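Okay, start-v1.cif now, which holds mmCIF, C-alpha atoms:
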```cif
data_entry
loop_
_atom_site.group_PDB
_atom_site.id
_atom_site.type_symbol
_atom_site.label_atom_id
_atom_site.label_comp_id
_atom_site.auth_asym_id
_atom_site.auth_seq_id
_atom_site.Cartn_x
_atom_site.Cartn_y
_atom_site.Cartn_z
ATOM 1 C CA PRO H 1 -79.196 80.516 163.103
ATOM 2 C CA THR H 2 -82.144 80.200 160.765
ATOM 3 C CA MET H 3 -85.551 78.965 161.861
ATOM 4 C CA PRO H 4 -87.061 75.988 160.025
ATOM 5 C CA HIS H 5 -89.884 76.732 157.626
ATOM 6 C CA GLU H 6 -93.252 74.951 157.796
ATOM 7 C CA PRO H 7 -93.021 71.285 156.700
ATOM 8 C CA TYR H 8 -94.747 70.319 153.448
ATOM 9 C CA ARG H 9 -95.092 67.282 151.180
ATOM 10 C CA THR H 10 -92.860 67.759 148.159
ATOM 11 C CA LEU H 11 -93.254 66.460 144.610
ATOM 12 C CA ASP H 12 -91.250 63.320 145.423
ATOM 13 C CA GLY H 13 -93.616 62.313 148.257
ATOM 14 C CA SER H 14 -91.470 63.068 151.327
ATOM 15 C CA ILE H 15 -92.205 65.511 154.137
ATOM 16 C CA ILE H 16 -89.766 68.399 153.763
ATOM 17 C CA THR H 17 -88.731 71.068 156.229
ATOM 18 C CA GLU H 18 -86.658 73.695 154.453
ATOM 19 C CA LEU H 19 -83.768 74.994 156.533
ATOM 20 C CA VAL H 20 -81.939 77.305 154.100
ATOM 21 C CA ARG H 21 -83.472 78.927 151.002
ATOM 22 C CA PRO H 22 -82.238 81.752 148.784
ATOM 23 C CA GLU H 23 -85.521 83.640 149.230
ATOM 24 C CA ALA H 24 -85.466 83.467 153.037
ATOM 25 C CA GLU H 25 -81.864 83.119 154.197
ATOM 26 C CA GLY H 26 -80.125 84.654 151.204
ATOM 27 C CA SER H 27 -78.029 81.695 150.107
ATOM 28 C CA GLN H 28 -76.460 82.221 146.695
ATOM 29 C CA ASN H 29 -76.517 78.714 145.187
ATOM 30 C CA LEU H 30 -77.679 76.256 147.820
ATOM 31 C CA SER H 31 -80.765 74.949 149.572
ATOM 32 C CA VAL H 32 -80.795 72.674 152.623
ATOM 33 C CA ALA H 33 -83.850 70.737 153.744
ATOM 34 C CA GLU H 34 -84.660 67.836 156.033
ATOM 35 C CA ALA H 35 -86.756 65.038 154.522
ATOM 36 C CA VAL H 36 -88.644 62.458 156.573
ATOM 37 C CA ILE H 37 -89.771 59.203 154.978
ATOM 38 C CA ASP H 38 -91.991 56.965 157.094
ATOM 39 C CA PRO H 39 -91.277 53.227 157.522
ATOM 40 C CA GLY H 40 -92.299 51.238 154.462
ATOM 41 C CA ARG H 41 -92.632 54.380 152.319
ATOM 42 C CA ALA H 42 -90.518 55.624 149.424
ATOM 43 C CA THR H 43 -90.173 58.865 147.540
ATOM 44 C CA LEU H 44 -91.284 58.967 143.936
ATOM 45 C CA ARG H 45 -88.571 58.366 141.350
ATOM 46 C CA HIS H 46 -87.459 61.759 140.122
ATOM 47 C CA PHE H 47 -84.544 63.789 138.855
ATOM 48 C CA HIS H 48 -83.476 67.407 138.846
ATOM 49 C CA ARG H 49 -82.650 69.001 135.503
ATOM 50 C CA SER H 50 -79.920 71.336 136.770
ATOM 51 C CA SER H 51 -79.428 70.769 140.517
ATOM 52 C CA GLU H 52 -76.932 68.340 141.925
ATOM 53 C CA GLU H 53 -78.067 66.943 145.256
ATOM 54 C CA VAL H 54 -76.442 65.398 148.300
ATOM 55 C CA TYR H 55 -78.450 63.126 150.593
ATOM 56 C CA TYR H 56 -76.926 63.018 154.089
ATOM 57 C CA VAL H 57 -78.572 60.399 156.308
ATOM 58 C CA LEU H 58 -79.328 61.703 159.803
ATOM 59 C CA ALA H 59 -81.227 58.689 161.195
ATOM 60 C CA GLY H 60 -82.896 55.474 160.127
ATOM 61 C CA GLU H 61 -82.220 52.857 157.491
ATOM 62 C CA GLY H 62 -83.016 53.003 153.831
ATOM 63 C CA VAL H 63 -82.254 51.993 150.295
ATOM 64 C CA LEU H 64 -81.251 54.704 147.847
ATOM 65 C CA LEU H 65 -82.050 53.945 144.215
ATOM 66 C CA VAL H 66 -79.744 55.921 141.909
ATOM 67 C CA ALA H 67 -79.750 55.282 138.155
ATOM 68 C CA GLY H 68 -81.122 51.774 138.748
ATOM 69 C CA ARG H 69 -78.549 50.901 141.439
ATOM 70 C CA GLN H 70 -79.719 50.053 144.979
ATOM 71 C CA ILE H 71 -77.484 51.388 147.761
ATOM 72 C CA PRO H 72 -78.174 50.595 151.452
ATOM 73 C CA VAL H 73 -77.968 53.772 153.557
ATOM 74 C CA THR H 74 -77.625 54.433 157.281
ATOM 75 C CA ALA H 75 -76.906 57.390 159.548
ATOM 76 C CA GLY H 76 -73.703 59.279 158.804
ATOM 77 C CA GLN H 77 -73.537 58.474 155.083
ATOM 78 C CA ALA H 78 -73.575 61.043 152.277
ATOM 79 C CA HIS H 79 -74.406 60.339 148.625
ATOM 80 C CA LEU H 80 -74.003 62.700 145.675
ATOM 81 C CA ILE H 81 -76.704 62.596 142.973
ATOM 82 C CA ALA H 82 -75.770 64.285 139.708
ATOM 83 C CA PRO H 83 -78.209 66.454 137.720
ATOM 84 C CA GLY H 84 -80.403 64.409 135.382
ATOM 85 C CA VAL H 85 -79.918 61.150 137.327
ATOM 86 C CA GLU H 86 -83.156 59.459 138.406
ATOM 87 C CA HIS H 87 -83.325 58.638 142.110
ATOM 88 C CA SER H 88 -85.586 57.767 145.025
ATOM 89 C CA ILE H 89 -85.157 56.574 148.579
ATOM 90 C CA ARG H 90 -87.107 54.030 150.637
ATOM 91 C CA CYS H 91 -87.280 53.668 154.423
ATOM 92 C CA ILE H 92 -86.687 50.022 155.330
ATOM 93 C CA GLY H 93 -86.326 50.418 159.110
ATOM 94 C CA THR H 94 -88.917 50.578 161.878
ATOM 95 C CA ALA H 95 -88.247 54.289 162.525
ATOM 96 C CA PRO H 96 -88.604 57.134 160.008
ATOM 97 C CA LEU H 97 -85.678 57.776 157.668
ATOM 98 C CA ARG H 98 -84.401 61.339 158.153
ATOM 99 C CA ILE H 99 -82.086 62.855 155.573
ATOM 100 C CA LEU H 100 -80.647 66.244 154.780
ATOM 101 C CA CYS H 101 -81.104 67.211 151.139
ATOM 102 C CA LEU H 102 -78.573 69.735 149.890
ATOM 103 C CA CYS H 103 -79.219 71.096 146.388
ATOM 104 C CA ALA H 104 -77.049 73.375 144.281
ATOM 105 C CA PRO H 105 -78.450 75.370 142.592
ATOM 106 C CA ALA H 106 -81.217 75.597 145.185
ATOM 107 C CA TYR H 107 -84.176 73.205 144.907
ATOM 108 C CA GLN H 108 -87.007 74.423 142.684
ATOM 109 C CA HIS H 109 -90.217 72.510 141.898
ATOM 110 C CA GLU H 110 -89.779 73.544 138.250
ATOM 111 C CA ASP H 111 -86.381 71.782 138.129
ATOM 112 C CA THR H 112 -87.854 68.452 139.325
ATOM 113 C CA VAL H 113 -89.177 65.798 136.949
ATOM 114 C CA VAL H 114 -91.162 62.949 138.534
ATOM 115 C CA ALA H 115 -90.929 59.564 136.810
ATOM 116 C CA GLN H 116 -93.817 57.113 136.596
ATOM 117 C CA GLY H 117 -94.461 55.070 139.720
ATOM 118 C CA VAL H 118 -92.674 54.488 142.999
ATOM 119 C CA ALA H 119 -89.228 52.949 143.199
ATOM 120 C CA THR H 120 -88.966 49.307 144.122
#
```

Give the structure from the file, written as structure tokens.
Amino acid sequence: PTMPHEPYRTLDGSIITELVRPEAEGSQNLSVAEAVIDPGRATLRHFHRSSEEVYYVLAGEGVLLVAGRQIPVTAGQAHLIAPGVEHSIRCIGTAPLRILCLCAPAYQHEDTVVAQGVAT
């Protein structure tokens, strides 16, 4: 099993702990990270130029904004976000929202474009 990397705040505003990275674990086309969004907070609206992404909700309640559509999310749900599609997620519960973020090809800061402002 791999050991988690040090958590950091990513470009979208969430706290990320990377779990699998090509540079560290040798994955070919995939990165896996856990994101934590505090109650009342949201990630910045953003998209990935080439990576498709799956958000898998581990705990908490939120609203996923994908291409202008609001989707309520709870633990056990997975949502696919296509490359080039603007998205963000907001924690609406009293506990932090914890999600796994799976990106293929692997997440790269250079592949992420942040839109203006925070999602509503």

Step by step, work through what the PyMOL selection byres ((chain H and resi 67-81) around 10) selects in the shown file, and finish by giving those residues as an NGL selection string.
:H and (45 or 47-48 or 51-66 or 82-93 or 97-103 or 119-120)

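Counting all atoms listed in the file and comparing H:Thr112, H:Val36, H:Arg49, H:Gln28, the residue that lies closest to Tyr8 of chain H is H:Val36.
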
Here is a test: counting all atoms listed in the file, which residue of H:Val113, H:Thr94, H:Pro22, H:Thr17 is nearest to Arg41 of chain H?
H:Thr94

Point-to-point distance in Å for atom CA of Pro7 of chain H and atom CA of His46 of chain H:
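Going from atom CA of His46 of chain H over to atom CA of Pro7 of chain H covers 19.9 Å.
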
As a check of understanding: the span from atom CA of Asp38 of chain H to atom CA of Ala95 of chain H is 7.1 Å

Restricting the calculation to all atoms listed in the file, which member of H:Val20, H:Gly26, H:Ser14, H:Ala106 is positioned closest to Leu44 of chain H?
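For Leu44 of chain H, the nearest of the candidates is H:Ser14.
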
Computed interatomic separation between atom CA of Asp111 of chain H and atom CA of Thr43 of chain H (Å):
16.4 Å

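Of the residues listed (H:Ala42, H:Glu18, H:Pro96, H:His5), H:Glu18 shows the shortest atom-to-atom separation from Leu30 of chain H; distances use all atoms listed in the file.
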
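Of the listed residues (H:Ile16, H:Arg9, H:Glu23, H:Gln108), H:Ile16 comes nearest to Ala35 of chain H; the distances count all atoms listed in the file.
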
Regenerate segment 60-76 of chain H at the level of N, CA, C and O atoms and dump it as a tab-separated table (two decimals), in the coordinates of the input.
```
chain	number	residue	atom	x	y	z
H	60	GLY	N	-82.09	56.48	160.80
H	60	GLY	CA	-82.90	55.47	160.13
H	60	GLY	C	-82.09	54.65	159.14
H	60	GLY	O	-80.88	54.81	158.99
H	61	GLU	N	-82.82	53.74	158.49
H	61	GLU	CA	-82.22	52.86	157.49
H	61	GLU	C	-83.02	52.96	156.21
H	61	GLU	O	-84.25	53.06	156.24
H	62	GLY	N	-82.31	52.91	155.09
H	62	GLY	CA	-83.02	53.00	153.83
H	62	GLY	C	-82.24	52.36	152.70
H	62	GLY	O	-81.14	51.85	152.88
H	63	VAL	N	-82.89	52.42	151.54
H	63	VAL	CA	-82.25	51.99	150.29
H	63	VAL	C	-82.41	53.14	149.31
H	63	VAL	O	-83.53	53.58	149.03
H	64	LEU	N	-81.28	53.63	148.83
H	64	LEU	CA	-81.25	54.70	147.85
H	64	LEU	C	-81.15	54.07	146.47
H	64	LEU	O	-80.26	53.24	146.23
H	65	LEU	N	-82.08	54.41	145.59
H	65	LEU	CA	-82.05	53.94	144.22
H	65	LEU	C	-81.54	55.10	143.36
H	65	LEU	O	-82.17	56.15	143.30
H	66	VAL	N	-80.37	54.89	142.75
H	66	VAL	CA	-79.74	55.92	141.91
H	66	VAL	C	-79.40	55.28	140.58
H	66	VAL	O	-78.61	54.33	140.54
H	67	ALA	N	-80.02	55.79	139.51
H	67	ALA	CA	-79.75	55.28	138.16
H	67	ALA	C	-79.87	53.76	138.10
H	67	ALA	O	-79.05	53.09	137.50
H	68	GLY	N	-80.87	53.21	138.78
H	68	GLY	CA	-81.12	51.77	138.75
H	68	GLY	C	-80.30	50.95	139.73
H	68	GLY	O	-80.49	49.75	139.84
H	69	ARG	N	-79.39	51.59	140.46
H	69	ARG	CA	-78.55	50.90	141.44
H	69	ARG	C	-79.12	51.07	142.84
H	69	ARG	O	-79.47	52.18	143.22
H	70	GLN	N	-79.22	49.98	143.61
H	70	GLN	CA	-79.72	50.05	144.98
H	70	GLN	C	-78.55	50.12	145.95
H	70	GLN	O	-77.67	49.27	145.92
H	71	ILE	N	-78.57	51.16	146.82
H	71	ILE	CA	-77.48	51.39	147.76
H	71	ILE	C	-78.07	51.45	149.17
H	71	ILE	O	-78.88	52.34	149.47
H	72	PRO	N	-77.71	50.50	150.07
H	72	PRO	CA	-78.17	50.60	151.45
H	72	PRO	C	-77.60	51.85	152.11
H	72	PRO	O	-76.43	52.18	151.90
H	73	VAL	N	-78.42	52.55	152.90
H	73	VAL	CA	-77.97	53.77	153.56
H	73	VAL	C	-78.32	53.75	155.04
H	73	VAL	O	-79.36	53.22	155.43
H	74	THR	N	-77.41	54.30	155.85
H	74	THR	CA	-77.62	54.43	157.28
H	74	THR	C	-77.06	55.77	157.74
H	74	THR	O	-76.37	56.46	156.97
H	75	ALA	N	-77.32	56.10	159.00
H	75	ALA	CA	-76.91	57.39	159.55
H	75	ALA	C	-75.41	57.63	159.35
H	75	ALA	O	-74.59	56.72	159.50
H	76	GLY	N	-75.09	58.87	158.97
H	76	GLY	CA	-73.70	59.28	158.80
H	76	GLY	C	-73.17	59.15	157.39
H	76	GLY	O	-72.05	59.56	157.12
```
